[in-house]
$ cat work-v6.cif   # mmCIF, C-alpha atoms
data_work
#
loop_
_atom_site.label_atom_id
_atom_site.label_comp_id
_atom_site.auth_asym_id
_atom_site.auth_seq_id
_atom_site.Cartn_x
_atom_site.Cartn_y
_atom_site.Cartn_z
CA MET A 1 42.17 -13.58 15.81
CA GLN A 2 41.72 -9.90 16.32
CA VAL A 3 38.41 -8.35 15.34
CA PHE A 4 39.78 -5.57 13.21
CA ASP A 5 42.99 -5.73 11.28
CA PHE A 6 43.46 -2.58 9.32
CA SER A 7 47.10 -3.37 8.57
CA ILE A 8 45.86 -4.99 5.36
CA PHE A 9 45.36 -1.49 4.02
CA THR A 10 49.11 -0.94 4.05
CA SER A 11 49.29 -3.30 1.10
CA ILE A 12 48.94 -0.91 -1.79
CA SER A 13 48.19 -3.50 -4.45
CA ALA A 14 44.97 -4.68 -2.77
CA ILE A 15 43.63 -1.14 -2.57
CA THR A 16 44.56 -0.15 -6.11
CA PHE A 17 43.05 -3.40 -7.38
CA ILE A 18 39.70 -2.39 -5.85
CA LEU A 19 40.02 1.25 -6.91
CA GLU A 20 40.58 0.20 -10.52
CA GLY A 21 36.98 -1.02 -10.43
CA VAL A 22 35.69 2.53 -9.91
CA GLY A 23 36.13 3.23 -13.63
CA ASP A 24 34.06 0.21 -14.66
CA THR A 25 31.38 0.99 -12.08
CA LEU A 26 31.04 4.55 -13.37
CA LEU A 27 31.19 3.47 -17.01
CA LEU A 28 28.41 0.95 -16.42
CA THR A 29 26.36 3.58 -14.60
CA PHE A 30 26.68 6.14 -17.39
CA ALA A 31 26.03 3.60 -20.15
CA ALA A 32 22.93 2.23 -18.42
CA ILE A 33 21.59 5.71 -17.59
CA SER A 34 22.08 6.86 -21.21
CA ILE A 35 20.34 3.82 -22.68
CA GLY A 36 17.63 4.24 -20.08
CA LEU A 37 17.19 7.90 -20.97
CA ILE A 38 16.80 7.22 -24.68
CA ILE A 39 14.46 4.23 -24.37
CA GLY A 40 12.70 5.83 -21.41
CA SER A 41 11.93 8.95 -23.46
CA LEU A 42 10.45 6.79 -26.20
CA LEU A 43 8.36 4.92 -23.62
CA SER A 44 7.07 8.11 -22.05
CA PHE A 45 6.28 9.80 -25.39
CA GLY A 46 4.52 6.61 -26.43
CA GLU A 47 2.49 6.60 -23.26
CA VAL A 48 1.53 10.27 -23.51
CA TYR A 49 1.12 10.86 -27.24
CA ALA A 50 0.55 7.55 -29.01
CA PRO A 51 -3.02 6.43 -29.75
CA PRO A 52 -4.38 3.83 -27.28
CA PHE A 53 -3.58 1.03 -29.66
CA PHE A 54 0.15 1.70 -29.10
CA ALA A 55 -0.02 3.32 -25.67
CA ILE A 56 -1.37 0.22 -23.92
CA PRO A 57 1.42 -2.14 -25.07
CA VAL A 58 3.98 0.54 -24.16
CA ARG A 59 2.54 0.82 -20.66
CA LEU A 60 2.53 -2.97 -20.37
CA ILE A 61 6.22 -3.14 -21.32
CA GLY A 62 6.95 -0.56 -18.61
CA GLU A 63 5.02 -2.56 -16.01
CA ILE A 64 6.88 -5.74 -16.90
CA LEU A 65 10.30 -4.06 -16.77
CA ARG A 66 9.50 -2.54 -13.37
CA GLY A 67 8.05 -5.73 -11.91
CA ILE A 68 10.96 -8.10 -12.44
CA PRO A 69 14.07 -8.07 -10.22
CA LEU A 70 17.27 -6.81 -11.79
CA MET A 71 18.99 -10.07 -10.97
CA VAL A 72 16.45 -12.08 -12.99
CA PHE A 73 17.11 -9.73 -15.91
CA PHE A 74 20.84 -10.24 -15.65
CA PHE A 75 20.46 -14.01 -15.64
CA LEU A 76 17.94 -13.96 -18.51
CA LEU A 77 20.41 -12.03 -20.66
CA PHE A 78 23.56 -13.76 -19.48
CA LEU A 79 22.47 -17.39 -19.11
CA GLY A 80 19.31 -17.35 -21.25
CA LEU A 81 20.39 -15.32 -24.27
CA ARG A 82 24.11 -16.00 -23.74
CA LEU A 83 25.24 -12.40 -24.08
CA ASP A 84 28.64 -11.51 -22.64
CA VAL A 85 29.14 -9.91 -19.23
CA TRP A 86 29.31 -6.29 -20.43
CA GLN A 87 26.29 -6.63 -22.71
CA SER A 88 24.14 -8.30 -20.05
CA ALA A 89 25.11 -5.74 -17.42
CA ILE A 90 24.48 -2.69 -19.62
CA ILE A 91 21.29 -3.95 -21.27
CA GLY A 92 19.84 -5.29 -18.02
CA LEU A 93 20.46 -2.11 -16.04
CA GLY A 94 19.58 0.09 -19.02
CA LEU A 95 16.20 -1.50 -19.77
CA ARG A 96 15.18 -1.46 -16.14
CA SER A 97 16.25 2.15 -15.77
CA ALA A 98 14.36 3.00 -18.98
CA ALA A 99 11.11 1.92 -17.34
CA PHE A 100 11.74 4.14 -14.31
CA GLN A 101 13.06 7.12 -16.28
CA GLY A 102 10.03 6.80 -18.56
CA GLN A 103 7.79 7.20 -15.52
CA ILE A 104 9.75 10.20 -14.29
CA LEU A 105 9.66 11.95 -17.67
CA ARG A 106 5.99 11.14 -18.16
CA SER A 107 5.00 12.72 -14.84
CA SER A 108 7.20 15.75 -15.66
CA LEU A 109 5.49 16.17 -19.04
CA GLU A 110 2.13 16.00 -17.30
CA ALA A 111 3.24 18.50 -14.65
CA VAL A 112 3.41 21.36 -17.18
CA SER A 113 0.03 23.07 -16.92
CA ILE A 114 -2.34 22.53 -19.82
CA GLY A 115 -3.15 26.27 -19.93
CA GLN A 116 0.34 27.04 -21.22
CA LEU A 117 -0.11 24.61 -24.08
CA ASP A 118 -3.52 26.05 -24.95
CA ALA A 119 -2.06 29.57 -24.87
CA ALA A 120 0.81 28.59 -27.15
CA MET A 121 -1.52 26.89 -29.63
CA SER A 122 -3.86 29.90 -29.70
CA LEU A 123 -0.85 32.12 -30.46
CA GLY A 124 -0.46 30.12 -33.66
CA MET A 125 2.44 27.85 -32.68
CA THR A 126 2.45 24.45 -34.32
CA ARG A 127 2.35 21.30 -32.21
CA PRO A 128 6.07 20.49 -32.72
CA GLN A 129 6.88 24.09 -31.76
CA VAL A 130 4.82 23.88 -28.58
CA PHE A 131 6.54 20.64 -27.70
CA ARG A 132 10.05 21.94 -28.38
CA GLU A 133 9.77 25.51 -27.10
CA ILE A 134 7.26 25.27 -24.24
CA LEU A 135 6.87 21.73 -22.99
CA LEU A 136 10.31 20.15 -23.15
CA PRO A 137 12.40 22.94 -21.52
CA GLN A 138 10.12 22.92 -18.48
CA ALA A 139 9.64 19.16 -18.29
CA ILE A 140 13.39 18.56 -18.30
CA ARG A 141 13.90 20.92 -15.40
CA ILE A 142 11.02 19.44 -13.43
CA MET A 143 12.51 16.04 -14.09
CA ILE A 144 15.94 16.68 -12.54
CA PRO A 145 15.21 15.80 -8.86
CA GLY A 146 13.50 12.51 -9.72
CA TRP A 147 16.18 11.78 -12.27
CA SER A 148 18.89 12.35 -9.64
CA ASN A 149 17.32 9.68 -7.44
CA GLU A 150 17.25 7.31 -10.39
CA PHE A 151 20.93 8.00 -11.11
CA ILE A 152 21.83 7.15 -7.52
CA THR A 153 19.73 3.98 -7.67
CA VAL A 154 21.48 2.84 -10.85
CA LEU A 155 24.89 3.66 -9.35
CA LYS A 156 24.12 1.46 -6.34
CA ASP A 157 22.49 -1.27 -8.43
CA THR A 158 25.64 -1.71 -10.54
CA SER A 159 26.89 -3.69 -7.55
CA ILE A 160 24.31 -6.38 -8.40
CA ALA A 161 26.29 -7.06 -11.59
CA PHE A 162 28.51 -8.88 -9.11
CA VAL A 163 26.46 -12.00 -9.89
CA LEU A 164 27.79 -11.82 -13.48
CA SER A 165 31.39 -11.44 -12.23
CA PHE A 166 31.41 -7.99 -13.82
CA GLN A 167 34.75 -6.49 -12.80
CA ASP A 168 33.41 -3.55 -10.79
CA ILE A 169 34.28 -2.44 -7.25
CA MET A 170 32.15 -5.14 -5.67
CA THR A 171 33.54 -8.12 -7.59
CA ARG A 172 37.12 -6.97 -7.14
CA ALA A 173 36.59 -6.43 -3.42
CA ASP A 174 35.09 -9.88 -3.11
CA LEU A 175 38.12 -11.43 -4.86
CA ILE A 176 40.50 -9.60 -2.53
CA ALA A 177 38.48 -10.44 0.57
CA ARG A 178 38.46 -14.12 -0.29
CA SER A 179 42.13 -14.25 -1.21
CA ILE A 180 43.37 -12.66 2.03
CA GLY A 181 40.54 -13.91 4.22
CA ARG A 182 39.62 -10.52 5.71
CA TYR A 183 35.99 -9.77 4.89
CA LEU A 184 34.88 -7.10 7.37
CA GLU A 185 37.58 -4.53 6.64
CA ILE A 186 37.36 -4.91 2.86
CA TYR A 187 33.56 -4.71 2.72
CA ILE A 188 33.48 -1.68 5.03
CA PHE A 189 36.06 -0.04 2.77
CA VAL A 190 33.85 -0.81 -0.25
CA ALA A 191 30.77 0.55 1.52
CA LEU A 192 32.62 3.81 2.20
CA LEU A 193 33.81 3.92 -1.40
CA TYR A 194 30.22 3.62 -2.65
CA PHE A 195 29.15 6.20 -0.09
CA VAL A 196 31.71 8.69 -1.41
CA LEU A 197 30.60 8.03 -5.01
CA VAL A 198 26.93 8.46 -4.08
CA ARG A 199 27.51 11.64 -2.10
CA SER A 200 29.64 13.27 -4.79
CA SER A 201 27.07 12.41 -7.47
CA THR A 202 24.33 13.86 -5.27
CA ALA A 203 26.33 17.07 -4.82
CA ILE A 204 26.91 17.41 -8.59
CA LEU A 205 23.27 16.67 -9.42
CA ASN A 206 22.03 19.15 -6.81
CA ALA A 207 24.27 21.81 -8.34
CA LEU A 208 22.76 20.96 -11.73
CA TYR A 209 19.29 21.32 -10.22
CA GLU A 210 20.15 24.71 -8.71
CA ARG A 211 21.58 26.04 -11.97
CA ASN A 212 18.63 25.02 -14.08
CA ARG A 213 15.85 25.51 -11.56
CA ILE A 214 12.89 27.54 -12.83
CA PRO A 215 12.82 30.55 -10.45
CA GLY A 216 9.81 30.36 -8.16
CA LEU A 217 9.04 26.75 -9.02
CA GLY A 218 10.13 23.94 -6.75
CA GLU A 219 12.10 24.26 -3.56
CA LYS A 220 15.66 25.33 -2.93
CA ARG A 221 17.81 22.42 -1.80
CA MET B 1 5.38 -25.06 -24.01
CA GLU B 2 5.94 -28.62 -22.81
CA LYS B 3 9.31 -27.44 -21.56
CA PHE B 4 7.55 -25.03 -19.20
CA LEU B 5 5.19 -27.78 -18.03
CA GLY B 6 8.14 -30.12 -17.61
CA ILE B 7 9.83 -27.63 -15.30
CA PHE B 8 6.62 -27.30 -13.27
CA ASN B 9 6.25 -31.07 -12.99
CA ARG B 10 9.82 -31.72 -11.95
CA PHE B 11 10.56 -28.66 -9.85
CA GLY B 12 7.13 -27.45 -8.73
CA SER B 13 7.77 -28.02 -5.03
CA LEU B 14 11.19 -26.38 -5.28
CA LEU B 15 9.64 -23.30 -6.90
CA LEU B 16 7.03 -23.23 -4.15
CA SER B 17 9.66 -23.33 -1.40
CA GLY B 18 11.58 -20.59 -3.23
CA LEU B 19 8.43 -18.50 -3.25
CA GLY B 20 8.08 -19.21 0.48
CA TYR B 21 11.61 -17.95 1.20
CA THR B 22 11.10 -14.84 -0.92
CA MET B 23 7.86 -13.95 0.84
CA PHE B 24 9.16 -14.81 4.32
CA ILE B 25 12.29 -12.67 3.94
CA THR B 26 10.35 -9.77 2.43
CA ILE B 27 7.60 -9.70 5.04
CA VAL B 28 9.80 -10.11 8.10
CA ALA B 29 12.25 -7.52 6.73
CA ILE B 30 9.54 -4.99 6.03
CA VAL B 31 8.07 -5.42 9.52
CA ILE B 32 11.50 -4.91 11.12
CA GLY B 33 12.01 -1.91 8.84
CA PHE B 34 8.62 -0.54 9.79
CA PHE B 35 9.26 -0.35 13.54
CA LEU B 36 12.92 0.67 13.29
CA GLY B 37 12.08 3.17 10.55
CA PHE B 38 9.37 4.76 12.67
CA LEU B 39 11.79 5.06 15.58
CA LEU B 40 14.47 6.60 13.34
CA ALA B 41 12.00 9.11 11.91
CA VAL B 42 10.87 10.15 15.41
CA LEU B 43 14.50 10.52 16.50
CA LYS B 44 15.36 12.54 13.40
CA ILE B 45 12.48 14.96 13.93
CA TYR B 46 12.06 15.13 17.71
CA GLY B 47 15.40 13.82 18.97
CA ARG B 48 18.15 15.99 20.40
CA GLY B 49 21.94 15.89 20.31
CA VAL B 50 23.64 12.56 19.86
CA LEU B 51 20.47 10.54 19.20
CA LYS B 52 19.37 12.84 16.41
CA TRP B 53 22.75 12.76 14.73
CA LEU B 54 22.99 9.01 15.09
CA ALA B 55 19.63 8.61 13.36
CA ILE B 56 20.66 10.96 10.54
CA ALA B 57 24.03 9.26 10.09
CA TYR B 58 22.38 5.83 10.02
CA ILE B 59 19.82 6.85 7.41
CA GLU B 60 22.40 8.54 5.18
CA LEU B 61 24.92 5.72 5.41
CA ILE B 62 22.41 2.97 4.62
CA ARG B 63 20.83 4.92 1.78
CA GLY B 64 24.24 5.74 0.37
CA THR B 65 25.52 2.18 0.06
CA PRO B 66 24.29 -0.80 -1.98
CA MET B 67 22.26 -3.49 -0.21
CA ILE B 68 24.53 -6.24 -1.45
CA VAL B 69 27.51 -4.67 0.37
CA GLN B 70 25.47 -4.36 3.57
CA LEU B 71 24.48 -7.99 3.31
CA PHE B 72 28.11 -9.05 2.83
CA ILE B 73 29.22 -7.03 5.85
CA ILE B 74 26.55 -8.67 8.00
CA TYR B 75 27.05 -12.21 6.74
CA TYR B 76 30.74 -12.61 5.88
CA GLY B 77 32.10 -9.65 7.84
CA LEU B 78 30.45 -10.38 11.17
CA SER B 79 31.14 -14.10 11.07
CA GLN B 80 34.82 -13.33 10.52
CA THR B 81 34.99 -11.48 13.85
CA GLY B 82 33.73 -14.60 15.61
CA LEU B 83 31.50 -12.48 17.88
CA VAL B 84 28.22 -13.33 16.14
CA ARG B 85 27.59 -16.13 13.73
CA LEU B 86 24.40 -15.63 11.77
CA THR B 87 22.73 -18.22 9.60
CA PRO B 88 22.18 -17.09 5.98
CA LEU B 89 18.46 -16.61 6.63
CA GLN B 90 19.07 -14.48 9.73
CA ALA B 91 21.67 -12.43 7.89
CA ALA B 92 19.34 -11.79 4.94
CA ILE B 93 16.39 -10.83 7.14
CA ILE B 94 18.43 -8.57 9.41
CA GLY B 95 20.31 -7.01 6.50
CA MET B 96 17.20 -6.25 4.50
CA GLY B 97 15.30 -5.10 7.59
CA LEU B 98 18.05 -2.66 8.53
CA ASN B 99 18.21 -1.46 4.93
CA SER B 100 14.46 -1.00 4.62
CA ALA B 101 14.36 0.87 7.95
CA ALA B 102 16.44 3.72 6.51
CA TYR B 103 14.12 4.10 3.51
CA GLN B 104 10.95 3.78 5.57
CA ALA B 105 12.31 6.37 8.01
CA GLU B 106 12.40 8.89 5.17
CA TYR B 107 8.80 8.03 4.18
CA PHE B 108 7.68 8.46 7.78
CA ARG B 109 9.57 11.72 8.07
CA SER B 110 7.94 13.27 5.03
CA ALA B 111 4.57 12.00 6.29
CA PHE B 112 5.22 13.67 9.68
CA LEU B 113 5.97 16.92 7.89
CA ALA B 114 2.76 16.62 5.84
CA ILE B 115 0.58 16.90 8.96
CA PRO B 116 -0.19 20.56 9.79
CA THR B 117 1.79 21.80 12.80
CA GLY B 118 -1.37 23.41 14.18
CA GLN B 119 -2.54 19.97 15.27
CA SER B 120 0.62 19.37 17.30
CA GLU B 121 0.37 22.80 18.93
CA ALA B 122 -3.30 22.24 19.76
CA ALA B 123 -2.58 18.84 21.30
CA LEU B 124 0.34 20.14 23.37
CA SER B 125 -1.66 23.13 24.58
CA LEU B 126 -4.40 20.76 25.72
CA GLY B 127 -1.83 19.24 28.04
CA MET B 128 -0.97 16.08 26.09
CA SER B 129 2.54 14.71 26.50
CA ARG B 130 4.93 14.27 23.57
CA ALA B 131 4.33 10.53 23.54
CA GLN B 132 0.54 11.00 23.62
CA LEU B 133 0.78 13.50 20.79
CA ILE B 134 2.77 11.12 18.61
CA LEU B 135 0.75 7.99 19.38
CA ASN B 136 -2.78 9.40 19.50
CA ILE B 137 -2.79 12.32 17.09
CA LEU B 138 0.02 11.90 14.59
CA LEU B 139 0.38 8.13 14.19
CA PRO B 140 -3.17 7.38 12.96
CA GLN B 141 -2.85 10.01 10.24
CA LEU B 142 0.74 9.12 9.50
CA LEU B 143 -0.05 5.51 8.67
CA ARG B 144 -2.59 6.58 6.10
CA ILE B 145 -0.29 9.12 4.48
CA VAL B 146 2.62 6.70 4.37
CA LEU B 147 0.67 3.84 2.79
CA PRO B 148 1.31 4.66 -0.90
CA SER B 149 5.09 4.96 -0.40
CA TRP B 150 4.93 1.86 1.72
CA THR B 151 3.42 -0.02 -1.23
CA ASN B 152 6.37 1.01 -3.38
CA GLU B 153 8.78 -0.09 -0.67
CA LEU B 154 7.07 -3.47 -0.40
CA VAL B 155 7.26 -4.07 -4.17
CA ALA B 156 10.89 -2.91 -4.25
CA LEU B 157 11.73 -5.20 -1.36
CA ILE B 158 10.13 -8.23 -3.04
CA GLN B 159 12.48 -7.61 -5.96
CA TYR B 160 15.54 -6.85 -3.87
CA SER B 161 14.99 -10.03 -1.84
CA SER B 162 16.56 -11.79 -4.84
CA ILE B 163 19.88 -10.43 -3.56
CA ALA B 164 19.56 -12.91 -0.69
CA MET B 165 20.82 -15.55 -3.11
CA VAL B 166 24.37 -14.22 -2.72
CA VAL B 167 24.31 -15.44 0.87
CA THR B 168 23.28 -18.90 -0.38
CA ILE B 169 19.53 -18.73 0.29
CA MET B 170 17.40 -20.77 -2.11
CA GLU B 171 14.82 -18.10 -2.85
CA LEU B 172 13.06 -17.78 -6.21
CA THR B 173 15.96 -16.45 -8.29
CA ALA B 174 18.38 -18.97 -6.85
CA VAL B 175 15.87 -21.75 -7.53
CA ALA B 176 15.58 -20.61 -11.16
CA LYS B 177 19.34 -20.68 -11.52
CA TYR B 178 19.46 -24.15 -10.00
CA ILE B 179 16.73 -25.44 -12.34
CA GLY B 180 18.62 -23.91 -15.27
CA SER B 181 21.84 -25.63 -14.28
CA LYS B 182 20.05 -28.98 -13.97
CA THR B 183 18.07 -28.83 -17.22
CA PHE B 184 19.93 -26.19 -19.30
CA LEU B 185 16.54 -24.49 -19.76
CA TYR B 186 17.82 -21.18 -18.34
CA MET B 187 15.53 -19.10 -20.54
CA GLN B 188 12.37 -20.94 -19.54
CA SER B 189 13.15 -21.15 -15.82
CA PHE B 190 13.95 -17.42 -15.53
CA ILE B 191 10.81 -16.53 -17.51
CA ILE B 192 8.71 -18.59 -15.10
CA VAL B 193 10.30 -16.90 -12.10
CA GLY B 194 9.94 -13.47 -13.74
CA ILE B 195 6.22 -14.09 -14.17
CA ILE B 196 5.93 -15.14 -10.52
CA TYR B 197 7.62 -11.89 -9.42
CA LEU B 198 5.29 -9.89 -11.70
CA ALA B 199 2.27 -11.61 -10.21
CA LEU B 200 3.54 -10.90 -6.69
CA SER B 201 4.01 -7.18 -7.40
CA PHE B 202 0.59 -7.04 -9.03
CA ILE B 203 -1.20 -8.77 -6.15
CA PHE B 204 0.49 -6.72 -3.44
CA THR B 205 -0.05 -3.43 -5.24
CA ARG B 206 -3.77 -4.15 -5.63
CA LEU B 207 -4.01 -5.29 -2.01
CA MET B 208 -2.39 -2.09 -0.73
CA VAL B 209 -4.58 0.10 -2.95
CA TYR B 210 -7.58 -1.70 -1.43
CA PHE B 211 -6.29 -0.91 2.08
CA GLU B 212 -5.72 2.71 1.12
CA HIS B 213 -9.35 3.01 0.15
CA ARG B 214 -10.61 1.16 3.21
CA LEU B 215 -8.58 3.31 5.59
CA SER B 216 -8.82 6.67 3.88
CA ILE B 217 -10.31 9.51 5.94
CA PRO B 218 -13.19 11.01 3.92
CA GLY B 219 -12.39 14.54 2.82
CA ILE B 220 -8.69 14.69 3.70
CA SER B 221 -7.58 11.55 1.95
CA VAL B 222 -4.38 11.84 -0.03
CA THR B 223 -5.10 8.77 -2.09
CA LYS B 224 -6.47 8.99 -5.56
CA ALA B 225 -8.06 6.15 -7.45
CA ARG B 226 -5.00 4.44 -8.85
CA VAL B 227 -6.75 1.31 -10.01
#
$ encode --input "work-v6.cif" --output "structure tokens"
Amino acid sequence: MQVFDFSIFTSISAITFILEGVGDTLLLTFAAISIGLIIGSLLSFGEVYAPPFFAIPVRLIGEILRGIPLMVFFFLLFLGLRLDVWQSAIIGLGLRSAAFQGQILRSSLEAVSIGQLDAAMSLGMTRPQVFREILLPQAIRIMIPGWSNEFITVLKDTSIAFVLSFQDIMTRADLIARSIGRYLEIYIFVALLYFVLVRSSTAILNALYERNRIPGLGEKR
Amino acid sequence: MEKFLGIFNRFGSLLLSGLGYTMFITIVAIVIGFFLGFLLAVLKIYGRGVLKWLAIAYIELIRGTPMIVQLFIIYYGLSQTGLVRLTPLQAAIIGMGLNSAAYQAEYFRSAFLAIPTGQSEAALSLGMSRAQLILNILLPQLLRIVLPSWTNELVALIQYSSIAMVVTIMELTAVAKYIGSKTFLYMQSFIIVGIIYLALSFIFTRLMVYFEHRLSIPGISVTKARV
């Protein structure tokens, strides 16, 4: 048996079968990141602005979501609560990402200097105005680098939905590899596929960072 | 509540052995990653030519692909070639060690860059060799700077060790799934395991914060009270 047999890649159907999973992988990534962004914002606002009575439970929820492996989440939702594959995958990834995005947004909110807020208040702006006009536009820009890392992490972690038989790149590749009995070539192909996805997302997110960067703040990439 | 106790009574030893596997894989992998990561960081900063580019390519490739794919390549891919045949435990440890090395290399690299270059110039002008500079001047400071990120890596690795179940290792998550399939108490068994993971992260985080304080250099410490 030869070590490498790349002739399997001449069979178009195997390749297209794996490539069809790219759509589901990206869809899962975007869905989870969006849910994470919404819930994460709520978590971070709760942690920063809510009175201690609410802030402490919110922080506790964040700690719990960050301390449990993604796989345990998936199984809790899929086997414990009997949700279907899509629901478990999206909710599991989304909740976990919410905890991390909450942290990122919270530290970005805290990175805006307090002097600016005092200045705005003394100019007669109301609290909602300060939040909307001064705080948020800066915090969102400060957030982009950390958020890019989180996006990449979620993109890679979608592969863990393999344990739910979610039909993404990984599951499809595994099916193909088992059916034709060539593991090394298929998995290396999948690794390269993920690598291309990760690098292109990084490039797009870096461009986003450059466009929205506050001049003089942060480093050029 | 008695369902939880029932699981503990019937499967306590199994849970304990699952905990053992999880900890064993995590700790061996992080130690492998520590040494290899340090080497990669040194090569990326001080290396020349092929070695430098190899280190960069390794770090980028590992960080750009999911761990589960890497594990599959090492376990199923390598055994297909017939050259090496790894047991599941070896595959998991090597796979996670190699993965962690790439991440730890980046932590080490940013720690290297955090040390003022004046110190390196001073050491070299005193006649120290490169190796002496790295081992005697930079390394002691490096370890202290890298400790907080290392804590994060340790906690992340404890969680990612659950991926080892795809190569048929009976670590905590796999044990929970097994208990669930035996008793149909999936909810309870995964909650128990989730709490164990939470406790592990909590204990290790506190332990590392304690070390940070013990080892911090007065005056130039980067650590803040995070407790």
$ resolve_selection --input "work-v6.cif" --expression "the PyMOL selection byres ((chain A and resi 110) around 12)" --output "NGL selection string"
:A and (44-45 or 47-49 or 103-109 or 111-117 or 135-136 or 138-140 or 142-143)
$ write_last_selection --input "work-v6.cif" --atoms "C-alpha atoms" --output "short mmCIF file (atom, residue, chain, number, x, y, z; two decimals), in the frame of the given file"
data_model
loop_
_atom_site.label_atom_id
_atom_site.label_comp_id
_atom_site.auth_asym_id
_atom_site.auth_seq_id
_atom_site.Cartn_x
_atom_site.Cartn_y
_atom_site.Cartn_z
CA SER A 44 7.07 8.11 -22.05
CA PHE A 45 6.28 9.80 -25.39
CA GLU A 47 2.49 6.60 -23.26
CA VAL A 48 1.53 10.27 -23.51
CA TYR A 49 1.12 10.86 -27.24
CA GLN A 103 7.79 7.20 -15.52
CA ILE A 104 9.75 10.20 -14.29
CA LEU A 105 9.66 11.95 -17.67
CA ARG A 106 5.99 11.14 -18.16
CA SER A 107 5.00 12.72 -14.84
CA SER A 108 7.20 15.75 -15.66
CA LEU A 109 5.49 16.17 -19.04
CA ALA A 111 3.24 18.50 -14.65
CA VAL A 112 3.41 21.36 -17.18
CA SER A 113 0.03 23.07 -16.92
CA ILE A 114 -2.34 22.53 -19.82
CA GLY A 115 -3.15 26.27 -19.93
CA GLN A 116 0.34 27.04 -21.22
CA LEU A 117 -0.11 24.61 -24.08
CA LEU A 135 6.87 21.73 -22.99
CA LEU A 136 10.31 20.15 -23.15
CA GLN A 138 10.12 22.92 -18.48
CA ALA A 139 9.64 19.16 -18.29
CA ILE A 140 13.39 18.56 -18.30
CA ILE A 142 11.02 19.44 -13.43
CA MET A 143 12.51 16.04 -14.09
#
$ closest_residue --input "work-v6.cif" --among "B:Ile56, B:Leu14, B:Val84, B:Leu113" --to "chain A" --atoms "all atoms listed in the file"
B:Val84
$ resolve_selection --input "work-v6.cif" --expression "the PyMOL selection byres ((chain A) within 8 of (chain B))" --output "ChimeraX atom specification"
/A:1-4,64,67-72,75-76,79-81,156-157,159-160,163,170,182-185,187-188,190-192,194-195,198-199
$ write_last_selection --input "work-v6.cif" --atoms "C-alpha atoms" --output "mmCIF file, in the coordinates of the input"
data_model
loop_
_atom_site.group_PDB
_atom_site.id
_atom_site.type_symbol
_atom_site.label_atom_id
_atom_site.label_comp_id
_atom_site.auth_asym_id
_atom_site.auth_seq_id
_atom_site.Cartn_x
_atom_site.Cartn_y
_atom_site.Cartn_z
ATOM 1 C CA MET A 1 42.170 -13.580 15.810
ATOM 2 C CA GLN A 2 41.720 -9.900 16.320
ATOM 3 C CA VAL A 3 38.410 -8.350 15.340
ATOM 4 C CA PHE A 4 39.780 -5.570 13.210
ATOM 5 C CA ILE A 64 6.880 -5.740 -16.900
ATOM 6 C CA GLY A 67 8.050 -5.730 -11.910
ATOM 7 C CA ILE A 68 10.960 -8.100 -12.440
ATOM 8 C CA PRO A 69 14.070 -8.070 -10.220
ATOM 9 C CA LEU A 70 17.270 -6.810 -11.790
ATOM 10 C CA MET A 71 18.990 -10.070 -10.970
ATOM 11 C CA VAL A 72 16.450 -12.080 -12.990
ATOM 12 C CA PHE A 75 20.460 -14.010 -15.640
ATOM 13 C CA LEU A 76 17.940 -13.960 -18.510
ATOM 14 C CA LEU A 79 22.470 -17.390 -19.110
ATOM 15 C CA GLY A 80 19.310 -17.350 -21.250
ATOM 16 C CA LEU A 81 20.390 -15.320 -24.270
ATOM 17 C CA LYS A 156 24.120 1.460 -6.340
ATOM 18 C CA ASP A 157 22.490 -1.270 -8.430
ATOM 19 C CA SER A 159 26.890 -3.690 -7.550
ATOM 20 C CA ILE A 160 24.310 -6.380 -8.400
ATOM 21 C CA VAL A 163 26.460 -12.000 -9.890
ATOM 22 C CA MET A 170 32.150 -5.140 -5.670
ATOM 23 C CA ARG A 182 39.620 -10.520 5.710
ATOM 24 C CA TYR A 183 35.990 -9.770 4.890
ATOM 25 C CA LEU A 184 34.880 -7.100 7.370
ATOM 26 C CA GLU A 185 37.580 -4.530 6.640
ATOM 27 C CA TYR A 187 33.560 -4.710 2.720
ATOM 28 C CA ILE A 188 33.480 -1.680 5.030
ATOM 29 C CA VAL A 190 33.850 -0.810 -0.250
ATOM 30 C CA ALA A 191 30.770 0.550 1.520
ATOM 31 C CA LEU A 192 32.620 3.810 2.200
ATOM 32 C CA TYR A 194 30.220 3.620 -2.650
ATOM 33 C CA PHE A 195 29.150 6.200 -0.090
ATOM 34 C CA VAL A 198 26.930 8.460 -4.080
ATOM 35 C CA ARG A 199 27.510 11.640 -2.100
#
$ atom_distance --input "work-v6.cif" --atom1 "atom CA of Leu143 of chain B" --atom2 "atom CA of Tyr21 of chain B"
27.2 Å
$ atom_distance --input "work-v6.cif" --atom1 "atom CA of Leu207 of chain B" --atom2 "atom CA of Gly97 of chain B"
21.6 Å
$ closest_residue --input "work-v6.cif" --among "A:Phe78, A:Ile38, A:Ala120, A:Arg132" --to "Ser97 of chain A" --atoms "all atoms listed in the file"
A:Ile38
$ atom_distance --input "work-v6.cif" --atom1 "atom CA of Leu36 of chain B" --atom2 "atom CA of Met128 of chain B"
24.4 Å
$ residues_around --input "work-v6.cif" --residues "Leu19 of chain A" --least-positions-apart "2" --cutoff "10 Å" --atoms "all atoms listed in the file" --output "compact mmCIF listing (two decimals) with C-alpha atoms, in the coordinates of the input"
# COMPACT_ATOMS: atom_id res chain seq x y z
CA SER A 13 48.19 -3.50 -4.45
CA ALA A 14 44.97 -4.68 -2.77
CA ILE A 15 43.63 -1.14 -2.57
CA THR A 16 44.56 -0.15 -6.11
CA PHE A 17 43.05 -3.40 -7.38
CA GLY A 21 36.98 -1.02 -10.43
CA VAL A 22 35.69 2.53 -9.91
CA GLY A 23 36.13 3.23 -13.63
CA ASP A 24 34.06 0.21 -14.66
CA ASP A 168 33.41 -3.55 -10.79
CA ILE A 169 34.28 -2.44 -7.25
CA ARG A 172 37.12 -6.97 -7.14
CA ALA A 173 36.59 -6.43 -3.42
CA VAL A 190 33.85 -0.81 -0.25
CA LEU A 193 33.81 3.92 -1.40
